[in-house]
>>> print(open('query.cif').read())   # mmCIF, N, CA and C atoms
data_data
loop_
_atom_site.label_atom_id
_atom_site.label_comp_id
_atom_site.auth_asym_id
_atom_site.auth_seq_id
_atom_site.Cartn_x
_atom_site.Cartn_y
_atom_site.Cartn_z
N MET A 43 125.33 62.13 115.68
CA MET A 43 125.63 60.71 115.72
C MET A 43 127.15 60.53 115.61
N PRO A 44 127.77 59.78 116.51
CA PRO A 44 129.22 59.57 116.45
C PRO A 44 129.60 58.70 115.26
N LEU A 45 130.82 58.90 114.78
CA LEU A 45 131.33 58.10 113.69
C LEU A 45 131.62 56.68 114.17
N PRO A 46 131.53 55.68 113.28
CA PRO A 46 131.87 54.33 113.69
C PRO A 46 133.34 54.23 114.08
N VAL A 47 133.66 53.24 114.88
CA VAL A 47 135.03 53.04 115.35
C VAL A 47 135.94 52.73 114.17
N CYS A 48 137.12 53.33 114.16
CA CYS A 48 138.14 53.07 113.15
C CYS A 48 139.40 52.62 113.88
N ASP A 49 139.92 51.46 113.52
CA ASP A 49 141.13 50.97 114.19
C ASP A 49 142.34 50.93 113.26
N LYS A 50 142.26 51.66 112.15
CA LYS A 50 143.38 51.77 111.20
C LYS A 50 143.81 53.23 111.17
N TYR A 51 145.13 53.46 111.26
CA TYR A 51 145.64 54.82 111.31
C TYR A 51 146.73 55.02 110.27
N ARG A 52 146.97 56.28 109.95
CA ARG A 52 148.01 56.63 108.98
C ARG A 52 148.65 57.94 109.40
N VAL A 53 149.72 58.27 108.72
CA VAL A 53 150.34 59.58 108.89
C VAL A 53 149.80 60.47 107.79
N LEU A 54 149.18 61.57 108.18
CA LEU A 54 148.68 62.55 107.22
C LEU A 54 149.86 63.39 106.78
N SER A 55 150.13 63.43 105.48
CA SER A 55 151.26 64.18 104.94
C SER A 55 150.72 65.30 104.07
N LEU A 56 151.04 66.54 104.43
CA LEU A 56 150.55 67.72 103.71
C LEU A 56 151.75 68.49 103.15
N SER A 57 151.89 68.50 101.83
CA SER A 57 152.96 69.26 101.18
C SER A 57 152.38 70.56 100.63
N PHE A 58 153.18 71.60 100.64
CA PHE A 58 152.70 72.89 100.17
C PHE A 58 153.86 73.72 99.64
N ALA A 59 153.53 74.72 98.83
CA ALA A 59 154.54 75.65 98.33
C ALA A 59 154.77 76.70 99.42
N PRO A 60 155.96 76.72 100.01
CA PRO A 60 156.21 77.66 101.10
C PRO A 60 156.30 79.10 100.59
N PRO A 61 155.95 80.05 101.44
CA PRO A 61 156.08 81.46 101.05
C PRO A 61 157.55 81.86 101.03
N GLU A 62 157.83 83.02 100.44
CA GLU A 62 159.22 83.51 100.40
C GLU A 62 159.78 83.72 101.80
N VAL A 63 158.94 84.19 102.71
CA VAL A 63 159.35 84.39 104.09
C VAL A 63 158.55 83.42 104.96
N GLU A 64 159.27 82.54 105.65
CA GLU A 64 158.59 81.57 106.51
C GLU A 64 157.94 82.29 107.69
N PRO A 65 156.77 81.83 108.13
CA PRO A 65 156.10 82.46 109.26
C PRO A 65 156.90 82.26 110.55
N ALA A 66 156.92 83.28 111.38
CA ALA A 66 157.73 83.26 112.61
C ALA A 66 157.39 82.09 113.51
N ASN A 67 156.12 81.74 113.61
CA ASN A 67 155.70 80.67 114.52
C ASN A 67 155.21 79.42 113.78
N GLY A 68 155.69 79.22 112.55
CA GLY A 68 155.33 78.02 111.81
C GLY A 68 153.91 78.05 111.28
N TYR A 69 153.32 76.87 111.21
CA TYR A 69 151.97 76.72 110.66
C TYR A 69 151.06 76.08 111.69
N ASN A 70 149.79 76.47 111.65
CA ASN A 70 148.76 75.86 112.46
C ASN A 70 147.90 74.99 111.54
N VAL A 71 147.63 73.77 111.96
CA VAL A 71 146.80 72.85 111.18
C VAL A 71 145.63 72.41 112.05
N GLN A 72 144.45 72.46 111.47
CA GLN A 72 143.27 71.89 112.09
C GLN A 72 142.75 70.81 111.16
N TRP A 73 142.39 69.66 111.71
CA TRP A 73 141.84 68.58 110.89
C TRP A 73 140.77 67.83 111.67
N ARG A 74 139.88 67.18 110.93
CA ARG A 74 138.84 66.35 111.53
C ARG A 74 138.31 65.39 110.48
N ALA A 75 137.71 64.31 110.96
CA ALA A 75 137.00 63.40 110.07
C ALA A 75 135.73 64.11 109.60
N VAL A 76 135.43 63.99 108.31
CA VAL A 76 134.21 64.60 107.79
C VAL A 76 133.02 64.01 108.55
N GLY A 77 132.16 64.88 109.05
CA GLY A 77 131.01 64.46 109.86
C GLY A 77 131.24 64.63 111.34
N ASN A 78 132.49 64.82 111.74
CA ASN A 78 132.82 65.05 113.14
C ASN A 78 132.71 66.55 113.40
N THR A 79 132.30 66.94 114.59
CA THR A 79 132.18 68.36 114.91
C THR A 79 133.41 68.90 115.64
N GLU A 80 134.27 68.03 116.15
CA GLU A 80 135.44 68.46 116.90
C GLU A 80 136.68 68.50 116.03
N TRP A 81 137.42 69.60 116.14
CA TRP A 81 138.67 69.78 115.39
C TRP A 81 139.85 69.31 116.23
N ASN A 82 140.85 68.75 115.57
CA ASN A 82 142.15 68.46 116.17
C ASN A 82 143.08 69.57 115.71
N THR A 83 143.82 70.17 116.62
CA THR A 83 144.67 71.30 116.28
C THR A 83 146.12 71.01 116.63
N VAL A 84 146.99 71.31 115.67
CA VAL A 84 148.43 71.19 115.87
C VAL A 84 149.02 72.56 115.51
N VAL A 85 149.79 73.15 116.42
CA VAL A 85 150.32 74.49 116.20
C VAL A 85 151.85 74.49 116.15
N GLY A 86 152.38 75.50 115.46
CA GLY A 86 153.83 75.71 115.45
C GLY A 86 154.61 74.71 114.62
N ILE A 87 154.02 74.16 113.58
CA ILE A 87 154.70 73.18 112.74
C ILE A 87 155.66 73.92 111.80
N LEU A 88 156.89 73.44 111.75
CA LEU A 88 157.91 74.10 110.92
C LEU A 88 158.32 73.25 109.72
N ASN A 89 157.84 72.02 109.62
CA ASN A 89 158.27 71.11 108.57
C ASN A 89 157.42 71.23 107.31
N ASN A 90 158.01 70.91 106.17
CA ASN A 90 157.30 70.77 104.90
C ASN A 90 157.90 69.56 104.20
N PRO A 91 157.16 68.47 104.08
CA PRO A 91 155.73 68.38 104.34
C PRO A 91 155.41 68.32 105.83
N ILE A 92 154.18 68.70 106.14
CA ILE A 92 153.68 68.58 107.50
C ILE A 92 153.25 67.13 107.69
N LEU A 93 153.73 66.50 108.75
CA LEU A 93 153.39 65.11 109.04
C LEU A 93 152.62 65.03 110.34
N ILE A 94 151.40 64.50 110.28
CA ILE A 94 150.57 64.38 111.47
C ILE A 94 150.26 62.90 111.66
N PRO A 95 150.78 62.27 112.73
CA PRO A 95 150.56 60.84 112.94
C PRO A 95 149.19 60.55 113.55
N ASN A 96 148.82 59.28 113.50
CA ASN A 96 147.62 58.75 114.16
C ASN A 96 146.32 59.36 113.67
N VAL A 97 146.24 59.61 112.36
CA VAL A 97 145.00 60.10 111.76
C VAL A 97 144.20 58.88 111.30
N PRO A 98 142.93 58.77 111.67
CA PRO A 98 142.15 57.60 111.27
C PRO A 98 142.11 57.45 109.74
N ALA A 99 142.42 56.25 109.27
CA ALA A 99 142.46 55.99 107.83
C ALA A 99 141.10 55.64 107.25
N CYS A 100 140.12 55.38 108.09
CA CYS A 100 138.80 54.92 107.62
C CYS A 100 137.91 56.06 107.13
N TYR A 101 138.25 57.27 107.46
CA TYR A 101 137.37 58.40 107.18
C TYR A 101 138.00 59.37 106.20
N ASN A 102 137.12 60.11 105.50
CA ASN A 102 137.58 61.26 104.74
C ASN A 102 137.95 62.34 105.76
N ILE A 103 139.06 63.02 105.48
CA ILE A 103 139.58 64.04 106.40
C ILE A 103 139.49 65.40 105.72
N GLU A 104 139.11 66.41 106.50
CA GLU A 104 139.11 67.79 106.02
C GLU A 104 139.88 68.64 107.00
N GLY A 105 140.42 69.76 106.50
CA GLY A 105 141.17 70.59 107.43
C GLY A 105 141.63 71.89 106.82
N THR A 106 142.39 72.63 107.63
CA THR A 106 142.92 73.93 107.23
C THR A 106 144.38 74.05 107.65
N ILE A 107 145.11 74.88 106.91
CA ILE A 107 146.49 75.25 107.26
C ILE A 107 146.54 76.77 107.25
N GLN A 108 147.18 77.34 108.28
CA GLN A 108 147.38 78.79 108.35
C GLN A 108 148.79 79.08 108.81
N ALA A 109 149.40 80.08 108.19
CA ALA A 109 150.69 80.56 108.66
C ALA A 109 150.46 81.32 109.96
N ASN A 110 151.33 81.07 110.97
CA ASN A 110 151.24 81.77 112.24
C ASN A 110 152.40 82.75 112.30
N CYS A 111 152.09 84.02 112.01
CA CYS A 111 153.12 85.05 111.90
C CYS A 111 153.49 85.67 113.24
N GLY A 112 152.86 85.24 114.32
CA GLY A 112 153.15 85.77 115.65
C GLY A 112 152.25 86.92 116.00
N ASP A 113 152.19 87.26 117.26
CA ASP A 113 151.37 88.37 117.77
C ASP A 113 149.91 88.25 117.35
N GLY A 114 149.41 87.02 117.20
CA GLY A 114 148.01 86.82 116.85
C GLY A 114 147.71 86.98 115.37
N ASN A 115 148.73 87.23 114.56
CA ASN A 115 148.53 87.41 113.12
C ASN A 115 148.62 86.06 112.41
N LEU A 116 147.52 85.67 111.76
CA LEU A 116 147.47 84.43 111.02
C LEU A 116 147.33 84.72 109.53
N GLY A 117 147.96 83.90 108.72
CA GLY A 117 147.87 84.06 107.27
C GLY A 117 146.52 83.58 106.74
N LYS A 118 146.38 83.69 105.44
CA LYS A 118 145.18 83.24 104.75
C LYS A 118 144.98 81.74 105.00
N THR A 119 143.73 81.33 105.20
CA THR A 119 143.42 79.93 105.46
C THR A 119 143.43 79.15 104.14
N SER A 120 144.17 78.04 104.12
CA SER A 120 144.14 77.11 102.99
C SER A 120 143.41 75.85 103.45
N TYR A 121 142.55 75.34 102.60
CA TYR A 121 141.74 74.17 102.94
C TYR A 121 142.28 72.93 102.25
N PHE A 122 142.11 71.77 102.88
CA PHE A 122 142.50 70.52 102.24
C PHE A 122 141.48 69.44 102.58
N ALA A 123 141.47 68.41 101.75
CA ALA A 123 140.62 67.24 101.97
C ALA A 123 141.40 66.01 101.54
N VAL A 124 141.26 64.93 102.29
CA VAL A 124 141.96 63.69 102.01
C VAL A 124 140.94 62.55 102.08
N SER A 125 140.93 61.71 101.06
CA SER A 125 140.02 60.56 101.05
C SER A 125 140.48 59.50 102.02
N GLY A 126 139.55 58.87 102.66
CA GLY A 126 139.85 57.78 103.57
C GLY A 126 139.40 56.45 103.00
N SER A 127 140.21 55.46 103.20
CA SER A 127 139.81 54.10 102.82
C SER A 127 140.78 53.13 103.47
N VAL A 128 140.25 52.00 103.78
CA VAL A 128 141.08 50.93 104.34
C VAL A 128 140.76 49.68 103.55
N LYS A 129 141.77 49.10 102.97
CA LYS A 129 141.58 47.84 102.26
C LYS A 129 141.81 46.72 103.24
N THR A 130 140.85 45.82 103.32
CA THR A 130 140.98 44.68 104.21
C THR A 130 141.09 43.41 103.38
N CYS A 131 142.08 42.60 103.72
CA CYS A 131 142.30 41.33 103.02
C CYS A 131 141.62 40.20 103.78
N PHE A 132 141.03 39.29 103.01
CA PHE A 132 140.43 38.10 103.57
C PHE A 132 140.88 36.89 102.77
N LEU A 133 140.83 35.74 103.41
CA LEU A 133 140.98 34.47 102.70
C LEU A 133 139.60 34.09 102.20
N TYR A 134 139.52 33.66 100.97
CA TYR A 134 138.26 33.24 100.37
C TYR A 134 138.41 31.86 99.77
N SER A 135 137.33 31.11 99.78
CA SER A 135 137.25 29.85 99.06
C SER A 135 136.38 30.08 97.84
N LEU A 136 136.91 29.73 96.67
CA LEU A 136 136.17 29.85 95.42
C LEU A 136 135.81 28.43 94.99
N ALA A 137 134.52 28.15 94.86
CA ALA A 137 134.13 26.74 94.77
C ALA A 137 133.34 26.33 93.53
N THR A 138 132.90 27.24 92.67
CA THR A 138 132.06 26.83 91.55
C THR A 138 132.92 26.34 90.40
N ASN A 139 132.85 25.04 90.15
CA ASN A 139 133.64 24.39 89.11
C ASN A 139 133.41 25.05 87.75
N GLY A 140 134.51 25.33 87.04
CA GLY A 140 134.44 25.92 85.71
C GLY A 140 134.28 27.43 85.69
N THR A 141 134.16 28.06 86.85
CA THR A 141 133.98 29.51 86.92
C THR A 141 135.34 30.21 86.98
N THR A 142 135.48 31.26 86.20
CA THR A 142 136.68 32.10 86.27
C THR A 142 136.35 33.30 87.15
N TYR A 143 137.12 33.46 88.20
CA TYR A 143 136.95 34.56 89.14
C TYR A 143 138.04 35.60 88.90
N THR A 144 137.67 36.87 89.01
CA THR A 144 138.66 37.94 88.99
C THR A 144 138.63 38.63 90.35
N TYR A 145 139.79 39.09 90.80
CA TYR A 145 139.89 39.71 92.12
C TYR A 145 141.19 40.50 92.19
N THR A 146 141.31 41.33 93.22
CA THR A 146 142.57 42.04 93.47
C THR A 146 143.32 41.29 94.55
N SER A 147 144.48 40.78 94.17
CA SER A 147 145.29 39.97 95.07
C SER A 147 145.91 40.82 96.18
N CYS A 148 145.86 40.31 97.40
CA CYS A 148 146.48 41.01 98.53
C CYS A 148 148.00 40.99 98.44
N SER A 149 148.55 39.95 97.85
CA SER A 149 150.01 39.83 97.80
C SER A 149 150.64 40.69 96.71
N THR A 150 149.90 40.91 95.61
CA THR A 150 150.49 41.69 94.51
C THR A 150 149.80 43.04 94.31
N ASN A 151 148.62 43.22 94.91
CA ASN A 151 147.82 44.43 94.74
C ASN A 151 147.46 44.64 93.26
N GLN A 152 147.36 43.55 92.53
CA GLN A 152 147.06 43.59 91.10
C GLN A 152 145.81 42.76 90.79
N PRO A 153 145.10 43.12 89.71
CA PRO A 153 143.98 42.28 89.28
C PRO A 153 144.50 40.90 88.90
N THR A 154 143.78 39.86 89.31
CA THR A 154 144.19 38.48 89.09
C THR A 154 142.96 37.66 88.70
N SER A 155 143.18 36.62 87.92
CA SER A 155 142.10 35.71 87.56
C SER A 155 142.50 34.29 87.90
N VAL A 156 141.51 33.49 88.27
CA VAL A 156 141.72 32.06 88.52
C VAL A 156 140.45 31.32 88.12
N THR A 157 140.64 30.15 87.51
CA THR A 157 139.50 29.31 87.14
C THR A 157 139.49 28.08 88.03
N VAL A 158 138.34 27.80 88.61
CA VAL A 158 138.19 26.63 89.47
C VAL A 158 138.04 25.40 88.58
N GLY A 159 138.91 24.43 88.81
CA GLY A 159 138.88 23.20 88.01
C GLY A 159 138.14 22.08 88.72
N SER A 160 138.22 20.92 88.12
CA SER A 160 137.50 19.75 88.65
C SER A 160 138.10 19.22 89.95
N SER A 161 139.31 19.69 90.29
CA SER A 161 139.94 19.20 91.53
C SER A 161 139.35 19.85 92.78
N GLY A 162 138.52 20.86 92.61
CA GLY A 162 137.84 21.43 93.78
C GLY A 162 138.13 22.89 94.02
N ALA A 163 137.73 23.33 95.20
CA ALA A 163 137.79 24.74 95.58
C ALA A 163 139.23 25.27 95.58
N VAL A 164 139.35 26.57 95.32
CA VAL A 164 140.62 27.27 95.34
C VAL A 164 140.56 28.29 96.47
N THR A 165 141.64 28.39 97.25
CA THR A 165 141.71 29.38 98.31
C THR A 165 142.61 30.53 97.86
N ILE A 166 142.13 31.76 98.03
CA ILE A 166 142.88 32.96 97.62
C ILE A 166 142.86 33.97 98.76
N SER A 167 143.76 34.96 98.68
CA SER A 167 143.67 36.13 99.55
C SER A 167 143.35 37.31 98.64
N ALA A 168 142.27 38.00 98.97
CA ALA A 168 141.79 39.09 98.11
C ALA A 168 141.26 40.23 98.96
N TYR A 169 141.31 41.44 98.37
CA TYR A 169 140.72 42.59 99.04
C TYR A 169 139.20 42.45 99.05
N GLU A 170 138.62 42.81 100.18
CA GLU A 170 137.17 42.76 100.33
C GLU A 170 136.50 43.57 99.23
N GLY A 171 135.48 42.98 98.61
CA GLY A 171 134.71 43.66 97.58
C GLY A 171 135.32 43.58 96.19
N SER A 172 136.45 42.87 96.03
CA SER A 172 137.11 42.86 94.72
C SER A 172 136.82 41.62 93.89
N ILE A 173 136.10 40.63 94.42
CA ILE A 173 135.89 39.37 93.71
C ILE A 173 134.64 39.45 92.83
N SER A 174 134.78 38.92 91.62
CA SER A 174 133.65 38.84 90.70
C SER A 174 133.80 37.56 89.88
N PRO A 175 132.73 36.78 89.69
CA PRO A 175 131.42 36.89 90.33
C PRO A 175 131.49 36.40 91.78
N MET A 176 130.41 36.58 92.52
CA MET A 176 130.38 36.16 93.93
C MET A 176 129.75 34.77 94.11
N THR A 177 129.28 34.17 93.06
CA THR A 177 128.70 32.83 93.14
C THR A 177 129.74 31.83 93.59
N GLY A 178 129.44 31.06 94.62
CA GLY A 178 130.35 30.03 95.11
C GLY A 178 131.51 30.56 95.94
N VAL A 179 131.43 31.82 96.40
CA VAL A 179 132.51 32.43 97.19
C VAL A 179 132.17 32.37 98.67
N SER A 180 133.11 31.90 99.48
CA SER A 180 132.94 31.90 100.94
C SER A 180 134.14 32.59 101.57
N ARG A 181 133.88 33.54 102.45
CA ARG A 181 134.96 34.20 103.18
C ARG A 181 135.39 33.31 104.33
N LEU A 182 136.71 33.14 104.47
CA LEU A 182 137.23 32.25 105.50
C LEU A 182 137.72 33.00 106.73
N ASP A 183 138.53 34.05 106.55
CA ASP A 183 139.11 34.76 107.69
C ASP A 183 139.79 36.03 107.22
N VAL A 184 139.89 37.00 108.12
CA VAL A 184 140.63 38.23 107.82
C VAL A 184 142.12 37.94 107.98
N ILE A 185 142.95 38.50 107.06
CA ILE A 185 144.39 38.29 107.18
C ILE A 185 145.17 39.58 107.30
N ALA A 186 144.58 40.72 107.01
CA ALA A 186 145.29 41.98 107.18
C ALA A 186 144.31 43.13 107.13
#
>>> encode(input="query.cif", output="structure tokens")
Amino acid sequence: MPLPVCDKYRVLSLSFAPPEVEPANGYNVQWRAVGNTEWNTVVGILNNPILIPNVPACYNIEGTIQANCGDGNLGKTSYFAVSGSVKTCFLYSLATNGTTYTYTSCSTNQPTSVTVGSSGAVTISAYEGSISPMTGVSRLDVIA
């Protein structure tokens, strides 16, 4: 089964302790989204950290790094795993009078509280899944 579409990307940054003697042909990196059967391969990387652009941010990533010593000689395989997550911000209307809502603010990335007063609904921008309680909450639109 194919993975769901991901439209958020990041630069995968892999830092490592270099050996005393750098490999003649750099490093080979293979990576893939967990659950995918196809590997993406990048060869001859000389930088530390290794930077790989356009890696889907929605998925957990797994992969390997090997020193490429030339003439078909590869070093010991090192494995890595990177968690994937994308935080999506939405505008929400909080409408239950007298209720104190807690949420993670998109503008500050910090936990925030607001109490709805008698003047009516309050509009906030919050990360999806961060609002508690959900009573009287309506999502208005995605903002980031």
>>> resolve_selection(input="query.cif", expression="the PyMOL selection byres ((chain A and resi 68) around 6.5)", output="ChimeraX atom specification")
/A:64-67,69-70,85-88,108-111
>>> resolve_selection(input="query.cif", expression="the PyMOL selection byres ((chain A and resi 132-141) around 7)", output="list of chain:residue names")
A:Thr130, A:Cys131, A:Thr142, A:Tyr143, A:Val156, A:Thr157, A:Val158, A:Gly159, A:Ser160, A:Gly162, A:Ala163, A:Val164, A:Thr165, A:Ile166, A:Ser167, A:Ala168, A:Tyr169, A:Glu170, A:Thr177, A:Gly178, A:Val179, A:Ser180, A:Arg181, A:Leu182, A:Asp183, A:Val184, A:Ile185, A:Ala186
>>> atom_distance(input="query.cif", atom1="atom N of Arg52 in chain A", atom2="atom C of Lys118 in chain A")
26.0 Å
>>> atom_distance(input="query.cif", atom1="CA of Ile107 in chain A", atom2="CA of Pro60 in chain A")
11.8 Å
>>> closest_residue(input="query.cif", among="A:Gln72, A:Asn89, A:Asn78, A:Ser149", to="Glu104 in chain A", atoms="all atoms listed in the file")
A:Gln72
>>> atom_distance(input="query.cif", atom1="CA of Ala59 in chain A", atom2="CA of Val71 in chain A")
15.3 Å
>>> residues_near_point(input="query.cif", point="(154.3, 69.0, 108.4)", cutoff="8 Å", atoms="all atoms listed in the file", output="VMD selection string")
chain A and resid 54 to 57 87 to 94
>>> residues_around(input="query.cif", residues="Trp73 in chain A", least_positions_apart="5", cutoff="8 Å", atoms="only N, CA and C atoms", output="number ranges by chain")
A: 80-84, 103-107
>>> resolve_selection(input="query.cif", expression="the PyMOL selection byres ((chain A and resi 172) around 5)", output="list in words")
Thr144, Tyr145, Thr146, Tyr169, Glu170, Gly171, Ile173 and Ser174 of chain A
>>> axis_aligned_box(input="query.cif", around="range 67-78 of chain A", padding_each_side="5 Å", output="lines of an AutoDock Vina configuration file")
center_x = 143.6
center_y = 72.6
center_z = 111.2
size_x = 35.1
size_y = 28.3
size_z = 16.7
>>> select_by_dssp(input="query.cif", residues="range 52-157 of chain A", states="strand (DSSP E)", output="MDAnalysis selection string")
chainID A and resid 52:56 69:75 82:87 92:98 103:112 115:116 120:124 131:136 142:146 153:157
>>> decode(input="query.cif", residues="range 105-167 of chain A", atoms="C-alpha atoms", output="JSON list (two decimals), in the first residue's frame")
[["chain", "number", "residue", "atom", "x", "y", "z"],
["A", 105, "GLY", "CA", 18.41, 5.03, 6.60],
["A", 106, "THR", "CA", 22.06, 4.08, 6.51],
["A", 107, "ILE", "CA", 25.42, 5.83, 6.15],
["A", 108, "GLN", "CA", 28.53, 4.07, 4.83],
["A", 109, "ALA", "CA", 32.03, 5.31, 4.18],
["A", 110, "ASN", "CA", 32.98, 4.81, 0.51],
["A", 111, "CYS", "CA", 36.69, 4.00, 0.56],
["A", 112, "GLY", "CA", 36.92, 3.44, -3.21],
["A", 113, "ASP", "CA", 37.46, 0.32, -5.30],
["A", 114, "GLY", "CA", 34.15, -1.10, -4.06],
["A", 115, "ASN", "CA", 35.25, -1.02, -0.41],
["A", 116, "LEU", "CA", 32.52, 0.27, 1.91],
["A", 117, "GLY", "CA", 32.84, 0.90, 5.62],
["A", 118, "LYS", "CA", 30.65, -0.47, 8.38],
["A", 119, "THR", "CA", 26.97, 0.45, 7.96],
["A", 120, "SER", "CA", 25.58, 2.95, 10.49],
["A", 121, "TYR", "CA", 21.81, 3.15, 10.87],
["A", 122, "PHE", "CA", 19.69, 6.20, 11.67],
["A", 123, "ALA", "CA", 16.04, 7.02, 12.24],
["A", 124, "VAL", "CA", 14.31, 10.41, 12.25],
["A", 125, "SER", "CA", 10.79, 11.11, 13.51],
["A", 126, "GLY", "CA", 8.41, 12.80, 11.14],
["A", 127, "SER", "CA", 5.73, 15.26, 12.06],
["A", 128, "VAL", "CA", 4.12, 18.29, 10.59],
["A", 129, "LYS", "CA", 2.35, 20.80, 12.77],
["A", 130, "THR", "CA", -0.55, 22.43, 11.01],
["A", 131, "CYS", "CA", -2.04, 25.70, 12.25],
["A", 132, "PHE", "CA", -5.72, 26.48, 12.00],
["A", 133, "LEU", "CA", -7.95, 29.35, 12.99],
["A", 134, "TYR", "CA", -10.47, 28.23, 15.57],
["A", 135, "SER", "CA", -13.54, 29.81, 17.11],
["A", 136, "LEU", "CA", -13.96, 29.11, 20.83],
["A", 137, "ALA", "CA", -17.56, 29.71, 21.77],
["A", 138, "THR", "CA", -18.60, 28.21, 25.13],
["A", 139, "ASN", "CA", -19.13, 31.09, 27.55],
["A", 140, "GLY", "CA", -17.17, 30.73, 30.81],
["A", 141, "THR", "CA", -14.94, 27.94, 29.48],
["A", 142, "THR", "CA", -11.16, 28.20, 29.79],
["A", 143, "TYR", "CA", -9.42, 26.67, 26.80],
["A", 144, "THR", "CA", -5.76, 25.67, 26.66],
["A", 145, "TYR", "CA", -3.90, 25.30, 23.37],
["A", 146, "THR", "CA", -0.51, 25.67, 21.71],
["A", 147, "SER", "CA", -0.34, 29.03, 20.00],
["A", 148, "CYS", "CA", 0.92, 29.12, 16.42],
["A", 149, "SER", "CA", 2.48, 32.54, 16.92],
["A", 150, "THR", "CA", 4.45, 31.72, 20.08],
["A", 151, "ASN", "CA", 4.66, 27.90, 19.93],
["A", 152, "GLN", "CA", 3.85, 28.01, 23.65],
["A", 153, "PRO", "CA", 0.98, 26.66, 25.76],
["A", 154, "THR", "CA", -1.67, 29.38, 26.11],
["A", 155, "SER", "CA", -4.99, 29.74, 27.93],
["A", 156, "VAL", "CA", -8.00, 31.90, 27.16],
["A", 157, "THR", "CA", -11.41, 32.14, 28.84],
["A", 158, "VAL", "CA", -14.46, 32.92, 26.74],
["A", 159, "GLY", "CA", -16.40, 35.79, 28.30],
["A", 160, "SER", "CA", -19.93, 37.07, 27.93],
["A", 161, "SER", "CA", -18.94, 39.17, 24.90],
["A", 162, "GLY", "CA", -18.90, 36.06, 22.71],
["A", 163, "ALA", "CA", -16.64, 33.74, 20.77],
["A", 164, "VAL", "CA", -12.86, 34.14, 20.68],
["A", 165, "THR", "CA", -10.83, 33.44, 17.53],
["A", 166, "ILE", "CA", -7.36, 31.91, 17.97],
["A", 167, "SER", "CA", -4.65, 30.31, 15.84]]
